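Below is the file protein24.txt, which contains compact mmCIF, C-alpha atoms.
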# COMPACT_ATOMS: atom_id res chain seq x y z
CA MET A 195 -18.75 6.59 21.81
CA ALA A 196 -15.50 8.49 21.40
CA VAL A 197 -12.95 7.30 18.85
CA THR A 198 -10.37 7.33 21.62
CA ASP A 199 -12.32 4.71 23.57
CA ARG A 200 -10.22 1.57 23.87
CA ARG A 201 -13.19 -0.73 23.09
CA TYR A 202 -14.01 1.26 19.96
CA ARG A 203 -10.40 1.02 18.73
CA LYS A 204 -10.30 -2.70 19.53
CA THR A 205 -13.45 -3.33 17.51
CA GLU A 206 -12.00 -1.41 14.54
CA SER A 207 -8.82 -3.46 14.86
CA ASP A 208 -10.88 -6.67 14.98
CA ILE A 209 -12.75 -5.61 11.82
CA GLU A 210 -9.51 -4.77 10.00
CA ASN A 211 -7.87 -8.04 11.07
CA ALA A 212 -10.96 -9.97 9.97
CA MET A 213 -10.75 -8.22 6.58
CA LEU A 214 -7.10 -9.23 6.25
CA GLY A 215 -8.01 -12.81 7.12
CA LEU A 216 -10.68 -12.85 4.43
CA LEU A 217 -8.38 -11.19 1.88
CA ASP A 218 -5.89 -13.97 2.47
CA ARG A 219 -8.48 -16.48 1.25
CA GLN A 220 -10.54 -14.60 -1.34
CA SER A 221 -10.60 -11.51 -3.49
CA PHE A 222 -11.98 -8.23 -2.21
CA GLU A 223 -14.77 -8.33 -4.79
CA ASP A 224 -16.03 -11.64 -3.33
CA ILE A 225 -16.22 -10.42 0.27
CA MET A 226 -19.59 -9.45 1.68
CA VAL A 227 -20.37 -7.55 4.87
CA SER A 228 -21.90 -10.72 6.30
CA ASP A 229 -18.60 -12.56 5.72
CA LEU A 230 -16.70 -9.84 7.54
CA THR A 231 -19.10 -9.60 10.48
CA ARG A 232 -19.01 -13.38 10.88
CA GLN A 233 -15.19 -13.39 10.77
CA ALA A 234 -14.93 -10.47 13.23
CA ASP A 235 -17.68 -11.95 15.45
CA ILE A 236 -19.69 -8.72 15.46
CA ASN A 237 -23.16 -7.84 14.30
CA ARG A 238 -23.96 -5.84 11.20
CA SER A 239 -24.93 -2.68 13.08
CA THR A 240 -21.58 -2.72 14.90
CA PHE A 241 -19.81 -2.90 11.55
CA TYR A 242 -21.74 0.14 10.26
CA LEU A 243 -21.04 2.03 13.47
CA HIS A 244 -17.34 1.84 12.58
CA TYR A 245 -17.28 1.81 8.76
CA GLN A 246 -19.65 2.91 6.02
CA SER A 247 -18.64 0.11 3.65
CA LEU A 248 -16.17 -2.66 2.95
CA ASP A 249 -14.30 -0.17 0.79
CA ALA A 250 -13.87 2.07 3.84
CA VAL A 251 -12.21 -0.84 5.68
CA LEU A 252 -9.87 -1.33 2.72
CA GLY A 253 -9.17 2.42 2.80
CA ALA A 254 -8.20 2.17 6.47
CA LEU A 255 -5.84 -0.69 5.63
CA GLU A 256 -4.35 1.38 2.80
CA ASP A 257 -3.78 4.21 5.28
CA GLN A 258 -1.89 1.81 7.56
CA CYS A 259 0.39 0.89 4.65
CA ILE A 260 1.01 4.56 3.86
CA THR A 261 1.83 5.26 7.52
CA LEU A 262 4.36 2.42 7.52
CA LEU A 263 5.90 3.57 4.22
CA SER A 264 6.15 7.27 5.16
CA PRO A 265 9.53 7.18 6.97
CA LEU A 266 11.04 5.15 4.13
CA ALA A 267 9.62 7.43 1.43
CA ALA A 268 11.30 10.40 3.09
CA LEU A 269 14.66 8.62 2.72
CA LEU A 270 14.27 7.73 -0.97
CA GLY A 271 16.77 10.32 -2.20
CA GLU A 272 19.25 9.62 0.57
CA MET A 273 19.67 5.86 0.08
CA GLU A 274 21.32 3.84 -2.65
CA GLY A 275 18.89 1.85 -4.80
CA LYS A 276 19.76 -1.55 -3.33
CA GLN A 277 19.54 -0.23 0.23
CA PHE A 278 16.17 1.42 -0.43
CA VAL A 279 14.70 -1.68 -2.09
CA LYS A 280 16.07 -3.96 0.63
CA SER A 281 14.46 -1.71 3.27
CA LEU A 282 11.21 -1.55 1.29
CA PHE A 283 10.96 -5.31 0.80
CA GLY A 284 11.94 -5.88 4.44
CA LEU A 285 9.21 -3.53 5.65
CA VAL A 286 6.64 -5.17 3.42
CA ASP A 287 7.75 -8.64 4.52
CA ASP A 288 7.51 -7.60 8.21
CA HIS A 289 3.87 -6.60 7.58
CA ARG A 290 3.17 -9.27 4.99
CA SER A 291 -0.51 -9.82 5.74
CA LEU A 292 -1.34 -6.11 5.61
CA PHE A 293 0.56 -5.34 2.41
CA LYS A 294 -0.59 -8.52 0.68
CA GLY A 295 -4.22 -7.74 1.46
CA VAL A 296 -3.92 -4.16 0.23
CA LEU A 297 -1.72 -4.72 -2.82
CA LEU A 298 -3.78 -7.59 -4.18
CA SER A 299 -7.06 -5.73 -3.56
CA THR A 300 -5.96 -2.24 -4.27
CA THR A 301 -7.86 0.55 -5.84
CA CYS A 302 -6.84 3.64 -7.81
CA ARG A 303 -7.19 5.42 -4.50
CA PHE A 304 -4.18 3.53 -3.11
CA ASP A 305 -2.15 4.46 -6.19
CA GLU A 306 -3.02 8.11 -5.53
CA LYS A 307 -1.97 7.72 -1.89
CA LEU A 308 1.36 6.26 -3.01
CA ARG A 309 1.83 9.11 -5.46
CA ASP A 310 1.02 11.69 -2.79
CA LEU A 311 3.50 9.98 -0.45
CA PHE A 312 6.42 9.58 -2.86
CA PHE A 313 6.13 12.70 -5.05
CA PRO A 314 7.16 15.29 -2.42
CA PRO A 315 10.41 13.49 -1.43
CA LEU A 316 11.21 13.41 -5.14
CA GLY A 317 10.62 17.16 -5.39
CA VAL A 318 7.53 16.73 -7.56
CA VAL A 319 4.18 18.36 -6.87
CA PRO A 320 1.35 15.83 -7.29
CA PRO A 321 -0.82 16.84 -10.25
CA LEU A 322 -4.31 18.13 -9.64
CA LYS A 323 -6.91 15.39 -9.85
CA ASN A 324 -8.73 17.11 -12.72
CA LYS A 325 -5.56 17.91 -14.67
CA LYS A 326 -5.33 15.80 -17.82
CA THR A 327 -1.64 16.30 -18.56
CA MET A 328 1.53 15.76 -16.58
CA ASP A 329 4.96 17.31 -16.90
CA ASP A 330 8.10 15.23 -17.48
CA GLN A 331 9.00 15.21 -13.77
CA SER A 332 5.57 13.87 -12.82
CA LEU A 333 5.73 11.20 -15.52
CA LEU A 334 9.18 10.07 -14.41
CA ALA A 335 8.19 9.98 -10.74
CA GLY A 336 4.92 8.26 -11.61
CA SER A 337 6.68 5.55 -13.64
CA LEU A 338 9.05 4.89 -10.74
CA ILE A 339 6.18 4.60 -8.26
CA VAL A 340 4.19 2.30 -10.56
CA SER A 341 7.30 0.11 -10.97
CA LEU A 342 7.72 -0.10 -7.19
CA ARG A 343 4.06 -0.92 -6.71
CA MET A 344 4.04 -3.59 -9.41
CA SER A 345 7.19 -5.18 -7.95
CA LEU A 346 5.53 -5.33 -4.55
CA THR A 347 2.39 -6.81 -6.08
CA LEU A 348 4.51 -9.48 -7.78
CA PHE A 349 6.10 -10.13 -4.38
CA PHE A 350 2.70 -11.53 -3.31
CA ASP A 351 1.65 -13.07 -6.59
CA GLY A 352 2.03 -16.60 -5.24
CA ASN A 353 4.09 -17.68 -8.25
CA GLU A 354 6.65 -20.18 -6.97
CA ARG A 355 8.82 -19.54 -10.03
CA LEU A 356 9.26 -15.94 -8.91
CA ASP A 357 12.44 -15.44 -6.91
CA GLU A 358 11.88 -12.65 -4.38
CA LYS A 359 15.59 -11.86 -4.21
CA LYS A 360 15.78 -11.55 -8.00
CA LEU A 361 12.72 -9.31 -7.97
CA ALA A 362 14.30 -7.06 -5.34
CA ASP A 363 17.58 -6.99 -7.27
CA ASP A 364 15.75 -6.07 -10.49
CA MET A 365 13.93 -3.26 -8.69
CA ALA A 366 17.20 -1.96 -7.25
CA ASP A 367 18.75 -2.08 -10.73
CA LEU A 368 15.81 -0.07 -12.05
CA ILE A 369 16.20 2.61 -9.37
CA ASP A 370 19.92 2.72 -10.14
CA LEU A 371 19.35 3.37 -13.87
CA PRO A 372 20.88 6.75 -14.72
CA ILE A 373 17.54 8.34 -15.60
CA TYR A 374 16.02 7.49 -12.19
CA LYS A 375 19.22 7.87 -10.18
CA ASP A 376 19.79 11.38 -11.56
CA PHE A 377 16.16 12.26 -11.02
CA ILE A 378 16.12 11.04 -7.41
CA LYS A 379 19.40 12.78 -6.54
CA ARG A 380 18.24 16.01 -8.21
CA LYS A 381 15.33 16.55 -5.82
Could you take the file, read its structure, and then write that structure out as structure tokens?
Amino acid sequence: MAVTDRRYRKTESDIENAMLGLLDRQSFEDIMVSDLTRQADINRSTFYLHYQSLDAVLGALEDQCITLLSPLAALLGEMEGKQFVKSLFGLVDDHRSLFKGVLLSTTCRFDEKLRDLFFPPLGVVPPLKNKKTMDDQSLLAGSLIVSLRMSLTLFFDGNERLDEKKLADDMADLIDLPIYKDFIKRK
């Protein structure tokens, strides 16, 4: 069956939506293929026709997040910190289920995807995977990306004491620190 077949795409969408539904109720580590097939109302062989593993489904969800973030990442150096963070948090809130599922279940692979997305707009070449050291530019860009990612993870932490507006304001203040502001504008 061709990947362009509408039924094939619908089944993949059903599997991904079922995964998001499960991730809303339990951790990724606790999900089994049988849980997902039951939730998606498909049989096991259909699941394996579309994905090799549960991790592959999570990878597809990560790719959706990266696709949504790409236009915003390209604008990082052109927006003020508060405007960028407001746009980022708005985008994430508009796709709350997707980002929550990915950010609370994420792997090192997603961190690498974020790095590969945000480094080029910052004028930084992503380091080689087998390279043990990083230059100052990579470290600075990496610390900014990790801060963004952790802020977004906190956004979904479920802690009622956490004020989302304060979190967004703190992230904007971080981006507006001279060290990051100069770095971002220098690209």
Have a look at A:Cys302, A:Gly317, A:Ser228, A:Asp363 and name the one nearest to Val340 (chain A); count only C-alpha atoms.
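Looking only at the distances to Val340 (chain A), the closest residue turns out to be A:Cys302.
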Quick one: everything within 12 Å of Phe293 (chain A), counting only C-alpha atoms, minus sequence neighbours fewer than 5 positions away in the same chain. Send it as a PyMOL selection string.
chain A and resi 214+217-218+252+255-263+282-288+298-300+304+343+346-351
Close residues, Phe241 (chain A) itself excluded, 9 Å, only C-alpha atoms, min 6 positions apart in chain, as a PyMOL selection string:
chain A and resi 205-206+209+227+230-231+247
Work out where the centre of an axis-aligned box around every listed atom of region 248-262 of chain A lies and how long its edges are once 4 Å is added on each side; give both in Å to one decimal as AutoDock Vina command-line options.
--center_x -5.9 --center_y 1.3 --center_z 4.2 --size_x 28.5 --size_y 15.9 --size_z 14.8
Kindly give the distance, in Å, that separates CA of Leu292 (chain A) and CA of Lys204 (chain A), rounded to a single decimal.
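If I compute the distance from CA of Leu292 (chain A) to CA of Lys204 (chain A), I get 16.9 Å.
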Which residue gives the smallest distance to Asp376 (chain A) among A:Thr301, A:Glu274, A:His289, A:Leu311, with all atoms listed in the file counted?
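Looking only at the distances to Asp376 (chain A), the closest residue turns out to be A:Glu274.
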Within 7 Å of Ala268 (chain A) using only C-alpha atoms, minus same-chain residues under 3 positions, as a list in words:
Ser264, Pro265 and Pro315 of chain A
Selected residue of minimal separation from Asp235 (chain A) among A:Gly253, A:Phe222, A:Met213, A:Val296, counting all atoms listed in the file:
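Among the listed residues, A:Met213 lies closest to Asp235 (chain A).
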Pick the closest to Arg309 (chain A) from A:Ile339, A:Leu297, A:Asp357, A:Ile378: which is it, counting all atoms listed in the file?
A:Ile339
Using all atoms listed in the file, the shortest atom-to-atom distance to Ile373 (chain A) among A:Leu342, A:Leu361, A:Leu269, A:Ala335 belongs to A:Ala335
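Nearest-residue note for Ser221 (chain A): choosing from A:Arg303, A:Ser341, A:Gly295, A:Gln233, the minimum distance belongs to A:Gly295, counting all atoms listed in the file.
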How many Å separate CA of Pro372 (chain A) from CA of Ser337 (chain A)?
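Between CA of Pro372 (chain A) and CA of Ser337 (chain A) the gap is 14.3 Å.
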How many Å separate CA of Asp364 (chain A) from CA of Asp305 (chain A)?
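One can read the CA of Asp364 (chain A) to CA of Asp305 (chain A) distance as 21.2 Å.
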